[in-house]
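Structure file data_29.txt (compact mmCIF, C-alpha atoms) is printed below.
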```
# COMPACT_ATOMS: atom_id res chain seq x y z
CA MET Z 1 11.63 14.73 -61.92
CA ARG Z 2 10.45 12.08 -59.48
CA LEU Z 3 9.09 12.02 -55.93
CA GLN Z 4 8.53 9.10 -53.57
CA CYS Z 5 5.70 9.55 -51.08
CA GLU Z 6 2.27 8.26 -50.15
CA VAL Z 7 -0.59 9.18 -52.48
CA GLU Z 8 -4.36 9.03 -52.41
CA VAL Z 9 -6.26 10.03 -55.57
CA ILE Z 10 -9.75 11.17 -54.57
CA SER Z 11 -12.52 11.77 -57.09
CA ARG Z 12 -14.53 14.91 -56.32
CA LEU Z 13 -17.55 13.31 -58.05
CA LEU Z 14 -17.94 10.57 -55.42
CA PRO Z 15 -20.04 12.64 -52.97
CA THR Z 16 -22.57 13.40 -55.74
CA CYS Z 17 -23.06 9.62 -56.05
CA GLY Z 18 -23.36 9.18 -52.31
CA LEU Z 19 -19.94 7.52 -52.13
CA ARG Z 20 -16.79 8.22 -50.15
CA GLY Z 21 -13.11 7.60 -50.85
CA ARG Z 22 -11.18 4.86 -49.09
CA GLY Z 23 -9.35 7.45 -47.00
CA ARG Z 24 -6.14 5.46 -47.18
CA ALA Z 25 -2.97 6.53 -48.94
CA THR Z 26 -0.59 4.08 -50.61
CA ARG Z 27 3.12 4.20 -51.38
CA ALA Z 28 3.73 5.70 -54.80
CA LEU Z 29 6.28 7.14 -57.21
CA LEU Z 30 5.30 10.41 -58.89
CA SER Z 31 6.98 11.38 -62.15
CA LEU Z 32 6.76 14.62 -64.10
CA GLY Z 33 7.60 14.19 -67.77
CA ARG Z 34 6.55 13.36 -71.31
CA PRO Z 35 5.44 9.90 -72.44
CA PRO Z 36 7.97 8.00 -74.62
CA GLY Z 37 7.65 8.65 -78.35
CA ARG Z 38 5.89 12.00 -78.01
CA VAL Z 39 6.82 14.53 -80.69
CA ARG Z 40 8.41 17.78 -79.61
CA GLY Z 41 5.76 20.11 -78.30
CA GLY Z 42 3.70 17.32 -76.69
CA GLY Z 43 2.25 17.92 -73.25
CA VAL Z 44 3.73 17.32 -69.81
CA TYR Z 45 2.06 14.69 -67.65
CA LEU Z 46 2.01 13.76 -63.99
CA MET Z 47 2.26 9.98 -63.60
CA VAL Z 48 1.35 8.16 -60.37
CA CYS Z 49 2.76 4.62 -60.03
CA THR Z 50 1.80 2.32 -57.16
CA ALA Z 51 2.58 -1.30 -56.27
CA ARG Z 52 -0.83 -2.26 -57.65
CA ASP Z 53 -0.38 -0.25 -60.85
CA ARG Z 54 3.31 0.07 -61.66
CA SER Z 55 2.51 1.24 -65.21
CA GLY Z 56 0.93 4.29 -63.63
CA ALA Z 57 -2.01 6.64 -64.16
CA ARG Z 58 -1.22 9.78 -66.17
CA TYR Z 59 -2.73 13.23 -65.72
CA LYS Z 60 -2.19 16.17 -68.05
CA VAL Z 61 -0.59 19.11 -66.24
CA GLN Z 62 -0.55 22.19 -68.54
CA GLU Z 63 -3.51 24.47 -67.74
CA ASN Z 64 -5.16 21.57 -65.95
CA ILE Z 65 -4.47 22.38 -62.30
CA GLU Z 66 -7.24 24.16 -60.45
CA ARG Z 67 -5.35 24.72 -57.19
CA PHE Z 68 -2.34 23.76 -55.04
CA PHE Z 69 -2.90 23.15 -51.32
CA THR Z 70 0.47 23.61 -49.61
CA ARG Z 71 -0.35 24.71 -46.07
CA PHE Z 72 1.35 21.62 -44.58
CA VAL Z 73 4.18 21.29 -47.08
CA GLU Z 74 6.78 21.52 -44.27
CA GLU Z 75 5.25 18.31 -42.88
CA GLY Z 76 5.63 16.59 -46.26
CA LYS Z 77 1.95 17.02 -47.19
CA ALA Z 78 0.27 18.74 -50.16
CA THR Z 79 -2.68 18.34 -52.54
CA VAL Z 80 -2.85 19.00 -56.27
CA ARG Z 81 -6.42 19.62 -57.50
CA LEU Z 82 -6.92 18.77 -61.17
CA ARG Z 83 -9.66 20.10 -63.42
CA GLU Z 84 -9.92 17.06 -65.70
CA PRO Z 85 -10.47 14.47 -64.40
CA ALA Z 86 -12.02 16.04 -61.29
CA VAL Z 87 -9.64 14.49 -58.78
CA ASP Z 88 -7.47 15.61 -55.87
CA VAL Z 89 -4.01 14.07 -55.77
CA CYS Z 90 -3.20 14.04 -52.04
CA LEU Z 91 0.48 13.64 -51.16
CA SER Z 92 1.86 12.77 -47.72
CA LYS Z 93 4.97 11.41 -45.99
CA ALA Z 94 7.24 13.09 -48.51
CA ASN Z 95 10.59 14.69 -47.87
CA ALA Z 96 9.62 18.35 -47.38
CA SER Z 97 12.50 19.73 -49.46
CA ASN Z 98 11.92 17.28 -52.32
CA LEU Z 99 8.17 17.96 -52.20
CA LYS Z 100 8.63 21.71 -52.55
CA THR Z 101 10.99 21.23 -55.50
CA PHE Z 102 8.56 18.83 -57.18
CA LEU Z 103 5.57 21.13 -56.68
CA SER Z 104 7.54 24.05 -58.15
CA ALA Z 105 8.24 22.02 -61.28
CA VAL Z 106 4.56 20.99 -61.54
CA ARG Z 107 3.52 24.63 -61.17
CA LEU Z 108 5.87 25.70 -63.98
CA ALA Z 109 4.56 22.93 -66.24
CA HIS Z 110 0.99 24.03 -65.50
CA GLN Z 111 1.88 27.60 -66.50
CA GLY Z 112 3.23 26.42 -69.84
CA THR Z 113 6.94 26.97 -69.18
CA ASP Z 114 9.16 25.86 -72.05
CA ILE Z 115 9.72 22.11 -71.81
CA GLY Z 116 13.46 22.54 -72.21
CA ALA Z 117 13.58 24.48 -68.95
CA LEU Z 118 11.72 21.85 -66.94
CA PRO Z 119 13.41 19.00 -65.00
CA LEU Z 120 11.44 16.22 -66.69
CA SER Z 121 11.77 12.46 -66.31
CA ALA Z 122 10.89 9.63 -68.65
CA LEU Z 123 7.40 8.33 -67.90
CA VAL Z 124 8.26 4.68 -67.53
CA PRO Z 125 6.76 2.03 -65.22
CA ALA Z 126 8.14 2.12 -61.67
CA LYS Z 127 10.39 -0.59 -60.29
CA THR Z 128 8.98 -2.71 -57.50
CA SER Z 129 11.55 -1.30 -55.06
CA GLU Z 130 10.40 2.25 -55.84
CA VAL Z 131 6.77 1.69 -54.81
CA GLU Z 132 7.00 -0.94 -52.08
CA LYS Z 133 6.39 0.16 -48.50
CA PRO Z 134 9.60 1.51 -46.95
CA LYS Z 135 11.36 -0.97 -44.70
CA THR Z 136 11.33 0.19 -41.09
CA LYS Z 137 12.89 -2.81 -39.32
CA MET Z 138 16.00 -4.89 -40.03
CA ILE Z 139 17.46 -7.61 -37.82
CA ILE Z 140 20.90 -9.06 -38.55
CA THR Z 141 22.25 -11.78 -36.26
CA SER Z 142 25.37 -13.01 -38.08
CA ARG Z 143 28.37 -11.55 -39.88
CA ARG Z 144 27.39 -13.48 -43.01
CA ASP Z 145 24.12 -11.54 -43.30
CA TYR Z 146 25.66 -8.11 -42.71
CA PRO Z 147 25.34 -5.92 -45.86
CA LEU Z 148 28.81 -5.00 -47.12
CA THR Z 149 27.98 -3.52 -50.54
CA LYS Z 150 24.33 -2.47 -50.25
CA ASN Z 151 23.19 0.53 -48.24
CA PHE Z 152 20.77 0.23 -45.35
CA PRO Z 153 17.21 1.33 -46.24
CA TYR Z 154 16.97 5.05 -45.46
CA SER Z 155 13.58 4.50 -43.82
CA LEU Z 156 14.84 2.18 -41.04
CA GLU Z 157 13.50 2.94 -37.57
CA HIS Z 158 14.75 -0.24 -35.86
CA LEU Z 159 18.13 -1.78 -36.67
CA GLN Z 160 19.68 -4.74 -34.89
CA ALA Z 161 23.14 -5.94 -35.91
CA SER Z 162 24.27 -8.49 -33.31
CA TYR Z 163 26.99 -11.16 -33.41
CA CYS Z 164 28.56 -9.47 -36.46
CA LYS Z 165 32.05 -8.99 -34.93
CA LEU Z 166 31.86 -5.25 -35.60
CA ALA Z 167 34.91 -3.38 -34.27
CA ARG Z 168 33.34 0.04 -34.87
CA ILE Z 169 29.98 1.51 -35.77
CA ASP Z 170 29.35 1.58 -39.52
CA THR Z 171 29.20 5.15 -40.88
CA ARG Z 172 26.22 4.08 -43.02
CA VAL Z 173 24.26 3.46 -39.82
CA LEU Z 174 24.94 7.03 -38.71
CA CYS Z 175 23.08 8.30 -41.79
CA LEU Z 176 19.78 6.64 -40.80
CA LYS Z 177 18.06 9.77 -39.52
CA LYS Z 178 14.75 8.02 -38.76
CA LEU Z 179 16.36 5.44 -36.48
CA ARG Z 180 14.55 5.06 -33.15
CA LYS Z 181 16.12 1.82 -31.90
CA LEU Z 182 19.73 0.77 -32.51
CA ASP Z 183 20.86 -2.61 -31.17
CA LEU Z 184 24.57 -3.36 -31.65
CA SER Z 185 24.86 -5.92 -28.86
CA HIS Z 186 27.35 -8.82 -28.92
CA ASN Z 187 30.02 -7.14 -31.05
CA HIS Z 188 33.60 -5.93 -30.52
CA ILE Z 189 32.99 -2.17 -30.49
CA LYS Z 190 35.61 -0.27 -28.46
CA GLN Z 191 34.62 3.35 -29.06
CA LEU Z 192 31.49 5.31 -29.91
CA PRO Z 193 31.66 8.06 -32.55
CA ALA Z 194 30.30 11.46 -31.53
CA THR Z 195 28.12 11.41 -34.66
CA ILE Z 196 25.71 9.01 -32.94
CA GLY Z 197 24.45 12.23 -31.40
CA ASP Z 198 23.20 13.26 -34.87
CA LEU Z 199 20.54 10.52 -34.77
CA THR Z 200 17.89 12.94 -33.55
CA CYS Z 201 15.09 10.35 -33.24
CA LEU Z 202 17.10 7.72 -31.35
CA GLN Z 203 15.20 6.50 -28.28
CA GLU Z 204 16.88 3.14 -27.58
CA LEU Z 205 20.61 2.40 -27.77
CA ILE Z 206 21.70 -1.15 -26.91
CA LEU Z 207 25.44 -1.83 -26.67
CA HIS Z 208 25.37 -4.91 -24.44
CA ASP Z 209 28.43 -7.19 -24.61
CA ASN Z 210 30.97 -5.05 -26.43
CA HIS Z 211 34.48 -3.80 -25.57
CA LEU Z 212 33.63 -0.24 -24.56
CA GLU Z 213 35.92 1.39 -22.01
CA SER Z 214 34.17 4.77 -21.86
CA PHE Z 215 31.05 6.68 -22.84
CA SER Z 216 31.76 10.01 -24.52
CA GLY Z 217 30.79 13.24 -22.80
CA ALA Z 218 30.10 14.72 -26.25
CA LEU Z 219 27.27 12.20 -26.73
CA CYS Z 220 25.70 13.36 -23.48
CA SER Z 221 25.71 16.95 -24.75
CA SER Z 222 24.24 16.02 -28.15
CA THR Z 223 20.60 15.75 -29.26
CA LEU Z 224 20.47 12.42 -27.40
CA GLN Z 225 19.68 14.40 -24.25
CA GLU Z 226 16.28 15.15 -25.80
CA SER Z 227 15.48 11.71 -27.26
CA LEU Z 228 17.31 8.82 -25.55
CA GLN Z 229 15.09 6.86 -23.14
CA PHE Z 230 16.72 3.41 -22.99
CA LEU Z 231 20.49 2.85 -22.73
CA ASP Z 232 22.10 -0.57 -22.29
CA LEU Z 233 25.85 -0.47 -21.61
CA SER Z 234 25.97 -3.77 -19.73
CA GLN Z 235 28.82 -6.26 -20.09
CA ASN Z 236 31.51 -3.83 -21.22
CA LYS Z 237 34.70 -2.52 -19.58
CA ILE Z 238 33.55 0.92 -18.45
CA LYS Z 239 35.22 2.23 -15.27
CA ALA Z 240 33.39 5.56 -14.97
CA LEU Z 241 30.79 7.67 -16.74
CA PRO Z 242 31.46 11.31 -17.67
CA ILE Z 243 30.27 14.31 -15.66
CA GLN Z 244 27.96 15.22 -18.55
CA PHE Z 245 26.16 11.85 -18.40
CA CYS Z 246 23.32 13.29 -16.32
CA GLN Z 247 22.41 15.63 -19.19
CA LEU Z 248 20.59 12.60 -20.67
CA ARG Z 249 17.50 13.78 -18.79
CA GLN Z 250 14.98 11.69 -20.78
CA LEU Z 251 16.49 8.35 -19.70
CA ILE Z 252 13.90 5.95 -18.29
CA ASN Z 253 15.85 2.69 -18.31
CA LEU Z 254 19.61 2.44 -17.71
CA LYS Z 255 21.55 -0.85 -17.69
CA LEU Z 256 25.15 -0.80 -16.43
CA ASP Z 257 25.56 -4.39 -15.23
CA ASP Z 258 28.86 -6.30 -15.52
CA ASN Z 259 31.21 -3.38 -16.07
CA GLU Z 260 34.14 -2.15 -13.96
CA LEU Z 261 32.42 0.93 -12.54
CA ILE Z 262 34.06 2.35 -9.44
CA ARG Z 263 31.46 5.10 -9.10
CA LEU Z 264 28.09 6.18 -10.46
CA PRO Z 265 27.54 9.65 -11.99
CA PHE Z 266 27.96 12.32 -9.33
CA LYS Z 267 24.71 14.14 -10.24
CA ILE Z 268 22.66 11.00 -10.92
CA GLY Z 269 19.72 12.59 -9.09
CA GLN Z 270 19.24 14.89 -12.09
CA LEU Z 271 17.87 11.91 -14.06
CA ASP Z 272 14.36 12.64 -12.87
CA HIS Z 273 12.70 10.45 -15.53
CA LEU Z 274 14.78 7.38 -14.60
CA ARG Z 275 12.61 4.49 -13.41
CA PHE Z 276 14.73 1.37 -14.00
CA LEU Z 277 18.40 1.18 -12.97
CA SER Z 278 20.64 -1.86 -12.87
CA ALA Z 279 24.35 -1.71 -12.05
CA ALA Z 280 24.92 -5.22 -10.72
CA ARG Z 281 28.37 -6.84 -10.56
CA ASN Z 282 30.49 -3.71 -10.75
CA LYS Z 283 33.12 -2.37 -8.34
CA LEU Z 284 31.06 0.24 -6.52
CA PRO Z 285 32.28 0.92 -2.94
CA PHE Z 286 29.42 3.36 -2.21
CA LEU Z 287 26.66 5.41 -3.86
CA PRO Z 288 26.83 9.15 -4.61
CA SER Z 289 25.04 11.60 -2.35
CA ASP Z 290 22.65 12.52 -5.18
CA PHE Z 291 21.38 8.93 -5.29
CA ARG Z 292 18.79 9.84 -2.65
CA LYS Z 293 16.94 12.03 -5.17
CA LEU Z 294 16.05 9.12 -7.46
CA CYS Z 295 12.51 7.78 -7.69
CA LEU Z 296 12.73 4.30 -9.22
CA GLU Z 297 10.40 1.43 -9.91
CA SER Z 298 13.20 -1.15 -10.02
CA LEU Z 299 16.81 -1.13 -8.74
CA ASP Z 300 19.48 -3.84 -9.01
CA LEU Z 301 22.88 -3.31 -7.35
CA PHE Z 302 23.66 -6.95 -6.58
CA GLY Z 303 27.27 -8.08 -6.38
CA ASN Z 304 29.06 -4.79 -5.68
CA PRO Z 305 31.83 -4.64 -3.03
CA PHE Z 306 30.09 -2.04 -0.88
CA GLU Z 307 32.10 -0.68 2.04
CA GLN Z 308 30.85 -0.92 5.61
CA PRO Z 309 29.77 2.66 6.44
CA ASN Z 310 31.16 4.31 9.56
CA PRO Z 311 29.87 7.86 10.20
CA LEU Z 312 32.24 8.15 13.17
CA VAL Z 313 35.31 8.03 10.90
CA PRO Z 314 34.99 11.06 8.62
CA SER Z 315 37.26 12.13 5.81
CA ILE Z 316 38.03 15.75 6.71
CA GLN Z 317 39.03 17.98 3.82
CA LEU Z 318 38.12 21.31 5.39
CA LYS Z 319 40.31 24.30 4.57
CA ILE Z 320 40.16 26.95 7.29
CA PRO Z 321 39.94 29.77 6.57
CA LEU Z 322 38.05 29.13 3.33
CA THR Z 323 39.88 30.11 0.18
CA LEU Z 324 38.55 32.96 -1.93
CA LEU Z 325 37.71 30.43 -4.67
CA GLU Z 326 35.70 28.32 -2.22
CA CYS Z 327 33.77 31.37 -0.92
CA ALA Z 328 32.99 32.56 -4.45
CA ALA Z 329 31.91 29.07 -5.57
CA ARG Z 330 29.60 28.63 -2.58
CA ALA Z 331 28.03 32.04 -3.12
CA THR Z 332 27.54 31.38 -6.85
CA ILE Z 333 25.61 28.19 -6.17
CA ASN Z 334 23.79 29.16 -2.98
CA TYR Z 335 22.50 32.41 -4.48
CA ARG Z 336 21.94 30.84 -7.92
CA ILE Z 337 24.11 33.37 -9.69
CA PRO Z 338 24.15 32.64 -13.45
CA TYR Z 339 27.49 31.51 -14.85
CA GLY Z 340 28.89 29.95 -18.01
CA CYS Z 341 32.01 29.54 -20.14
CA HIS Z 342 31.47 33.07 -21.50
CA LEU Z 343 32.02 34.40 -17.97
CA LEU Z 344 34.34 31.88 -16.31
CA PRO Z 345 37.17 29.57 -17.42
CA SER Z 346 35.81 26.18 -18.48
CA HIS Z 347 37.60 24.30 -15.67
CA LEU Z 348 35.83 26.47 -13.07
CA CYS Z 349 32.48 25.78 -14.72
CA GLU Z 350 33.21 22.06 -14.54
CA ASP Z 351 34.08 22.39 -10.84
CA LEU Z 352 30.80 24.18 -10.16
CA GLU Z 353 28.89 21.44 -11.98
CA VAL Z 354 30.15 18.87 -9.46
CA ALA Z 355 29.84 20.99 -6.33
CA LYS Z 356 28.73 19.00 -3.30
CA THR Z 357 25.64 19.69 -1.21
CA CYS Z 358 25.78 19.71 2.56
CA GLN Z 359 23.00 18.25 4.71
CA CYS Z 360 22.03 21.84 5.52
CA GLY Z 361 21.42 22.54 1.83
CA SER Z 362 24.48 24.74 1.28
CA ALA Z 363 27.07 24.06 -1.39
CA CYS Z 364 30.74 23.21 -0.93
CA LEU Z 365 33.43 22.78 -3.55
CA SER Z 366 36.76 21.47 -2.23
CA SER Z 367 36.39 22.20 1.48
CA PHE Z 368 34.14 19.63 3.16
CA ILE Z 369 33.76 16.67 5.49
CA GLN Z 370 32.78 13.36 3.90
CA ILE Z 371 31.27 10.27 5.51
CA THR Z 372 29.27 7.25 4.37
CA VAL Z 373 25.98 6.27 5.96
CA THR Z 374 23.62 3.36 5.45
CA MET Z 375 20.58 3.88 3.23
CA ASN Z 376 17.71 1.47 2.74
CA LEU Z 377 17.31 1.24 -1.03
CA HIS Z 378 13.54 0.98 -0.68
CA HIS Z 379 13.63 4.73 0.00
CA VAL Z 380 14.41 5.30 -3.69
CA ALA Z 381 12.96 2.21 -5.40
CA HIS Z 382 9.71 0.26 -5.22
CA THR Z 383 11.37 -3.04 -6.18
CA VAL Z 384 14.91 -3.75 -4.99
CA VAL Z 385 17.01 -6.75 -6.00
CA LEU Z 386 18.94 -7.99 -2.96
CA VAL Z 387 22.35 -6.32 -2.64
CA ASP Z 388 24.09 -9.53 -1.48
CA ASN Z 389 23.46 -13.20 -0.77
CA MET Z 390 22.58 -12.31 2.83
CA GLY Z 391 19.29 -10.73 1.77
CA GLY Z 392 20.33 -7.13 2.35
CA THR Z 393 18.63 -4.12 0.76
CA GLU Z 394 20.93 -1.49 2.28
CA ALA Z 395 23.92 0.25 0.73
CA PRO Z 396 26.38 2.96 1.79
CA VAL Z 397 25.78 6.45 0.46
CA ILE Z 398 28.09 9.45 0.72
CA CYS Z 399 27.18 12.47 2.87
CA TYR Z 400 28.90 15.86 2.75
CA PHE Z 401 29.12 18.62 5.36
CA CYS Z 402 30.22 22.17 4.62
CA SER Z 403 31.51 22.84 8.16
CA LEU Z 404 32.39 21.27 11.50
CA ASP Z 405 29.17 22.71 12.91
CA CYS Z 406 27.02 20.81 10.37
CA TYR Z 407 28.91 17.57 11.01
CA SER Z 408 28.58 18.01 14.79
CA GLN Z 409 24.81 18.46 14.52
CA PHE Z 410 24.57 15.29 12.40
CA LEU Z 411 26.76 13.40 14.87
CA ASP Z 412 24.56 14.39 17.80
CA ARG Z 413 21.46 13.10 16.03
CA TYR Z 414 23.25 9.92 14.95
CA LEU Z 415 24.52 9.10 18.44
CA GLN Z 416 21.10 9.78 19.97
CA SER Z 417 19.37 7.45 17.50
CA HIS Z 418 22.00 4.72 17.98
CA GLY Z 419 22.48 5.29 21.69
```
Encoded form using structure tokens:
Amino acid sequence: MRLQCEVEVISRLLPTCGLRGRGRATRALLSLGRPPGRVRGGGVYLMVCTARDRSGARYKVQENIERFFTRFVEEGKATVRLREPAVDVCLSKANASNLKTFLSAVRLAHQGTDIGALPLSALVPAKTSEVEKPKTKMIITSRRDYPLTKNFPYSLEHLQASYCKLARIDTRVLCLKKLRKLDLSHNHIKQLPATIGDLTCLQELILHDNHLESFSGALCSSTLQESLQFLDLSQNKIKALPIQFCQLRQLINLKLDDNELIRLPFKIGQLDHLRFLSAARNKLPFLPSDFRKLCLESLDLFGNPFEQPNPLVPSIQLKIPLTLLECAARATINYRIPYGCHLLPSHLCEDLEVAKTCQCGSACLSSFIQITVTMNLHHVAHTVVLVDNMGGTEAPVICYFCSLDCYSQFLDRYLQSHG
């Protein structure tokens, strides 16, 4: 049986000599087995191989372990205290499941369990690849360098594979559970697999310059909503983002430049951690009402065909009298009545998720008045890239009204201020 982890062997005699250990663990391969050539009945040994000593140091196991320290075994840490020599073998950064299995085997060997019942390995020198420090970063910038037969190192935290002409995301990449940054820019990827959501540590996802036409709602509902902080979807062919997009609540930096977006996410104001937003050179005619809730450090909306707002020409979609569905929807949201797919049909839940908010604070579903008004983008961002070549920093934003009365009150104020 073998275990890869970091090891520090500390002599308990050092303090008596006024000395201290280095306090630094090193990458190692631990093996539990019998030395080659031993006659049947020989003892079981624990061998620790490191890059500096690949032949390894051997420690007898049977009736030679004073104590196991396993309080932090779920974190991949444990200590085996030996009687002779008087050392502590401190293990860390191990796979928790593998560590528990290894310690169980060592415990059985210590208790004198029959050798035939133990999962023993040959005590042979470790290969260089088994004791070298795990690779955490790999950068590939050409198709020629892309690994076709070899697996990616399991320990990768940062992977860049650009200019490789990838048409889809390699399933081997989706097995890299420690990945924090994934850069697949400058490829030919058309679709994202839902299994990207299984990369629970992923903080940065860069998909600049691909052929994406959509971003899956399933990804927005995955574990990415807890981890993803940086998302670059620039220079693709995306026309709209899903309703669920705003579940990615940890997003800090979002790049949407050079797509074909005709609208931004309806509930974009829910991205309360968002600080950097760029959606330049898209096809945005106006901004969603929720845009006012953002609090950004930097905003770039240059090159969008924004409409000229005219509050005096409303789009009236009022239904009088209100339908029973509209009344129930407004009451559900206004009184914060809990709801979910276990209580309502899924399509009604989706409708409630995109309910509009009137200037008075009340909700409206499909009965409303809609206008666009001018908003100075400095109200939501500290730094604003000019919207057009004329030096403007204003853009049209949608406003909703739940009734004629609310629209009339707005109109009175508007006419007074522009009178």
Interatomic distance between CA of Leu348 in chain Z and CA of Tyr400 in chain Z?
-> 20.3 Å
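Nearest residue to Ser234 in chain Z, choosing from Z:Asn376, Z:Ser278, Z:Gln191, Z:Thr357 and counting all atoms listed in the file: Z:Ser278.
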Interatomic distance between CA of Leu46 in chain Z and CA of Leu32 in chain Z?
->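 That distance, rounded to one decimal, is 4.8 Å.
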What lies within 6 Å of Cys5 in chain Z using only C-alpha atoms, ignoring chain neighbours under 2 positions off, as a list of chain:residue names?
->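 Neighbouring residues, sequence-local ones excluded: Z:Arg27, Z:Ala28, Z:Lys93, Z:Ala94.
What separates CA of Asp412 in chain Z from CA of Leu322 in chain Z is a distance of 24.7 Å.
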Would you tabulate, counting all atoms listed in the file, all residues of range 91-166 of chain Z that have an atom at most 9 Å from an atom of range 173-176 of chain Z, showing the closest pair of atoms and their distance in Å to one decimal, sorted by chain then ascending number, as a Markdown table?
```
| residue | atom | partner | partner_atom | distance |
| --- | --- | --- | --- | --- |
| Z:Asn151 | CA | Z:Val173 | CA | 9.0 |
| Z:Phe152 | CA | Z:Val173 | CA | 7.3 |
| Z:Pro153 | CA | Z:Leu176 | CA | 8.0 |
| Z:Tyr154 | CA | Z:Leu176 | CA | 5.7 |
| Z:Ser155 | CA | Z:Leu176 | CA | 7.2 |
| Z:Leu156 | CA | Z:Leu176 | CA | 6.7 |
| Z:Glu157 | CA | Z:Leu176 | CA | 8.0 |
| Z:Leu159 | CA | Z:Val173 | CA | 8.7 |
```
Of the candidates Z:Leu296, Z:Val7, Z:Leu207, Z:Leu324, which shows the shortest atom-to-atom distance to Asp88 in chain Z, using all atoms listed in the file?
->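 Going through Z:Leu296, Z:Val7, Z:Leu207, Z:Leu324 one by one, the smallest distance to Asp88 in chain Z is for Z:Val7.
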Write out as a VMD selection string each polymer residue whose atoms come within 9 Å of Ala194 in chain Z, counting all atoms listed in the file; drop sequence neighbours fewer than 4 positions from it.
-> chain Z and resid 198 216 to 219 222
Nearby residues (all atoms listed in the file) at most 8 Å from range 107-121 of chain Z, same-chain spacing under 6 positions excluded, as a PyMOL selection string | chain Z and resi 1-2+31-34+41+44+61-65
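Counting only C-alpha atoms and comparing Z:Lys283, Z:Tyr335, Z:Asp388, Z:Asn253, the residue that lies closest to Phe302 in chain Z is Z:Asp388.
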Identify which of the residues Z:Ser11, Z:Gln247, Z:Gln270, Z:Ser142 lies closest to Leu294 in chain Z, counting all atoms listed in the file when measuring atom-to-atom distances.
-> Z:Gln270
Compare Z:Ile169, Z:Leu287, Z:Val384, Z:Leu251 by their minimum atom-to-atom distance to Glu226 in chain Z, counting all atoms listed in the file, and give me the closest one.
->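 Closest to Glu226 in chain Z, using all atoms listed in the file: Z:Leu251.
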Which of these residues is nearest to Pro193 in chain Z, using only C-alpha atoms: Z:Leu415, Z:Leu205, Z:Arg168, Z:Ala331?
->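 Smallest distance to Pro193 in chain Z is found for Z:Arg168.
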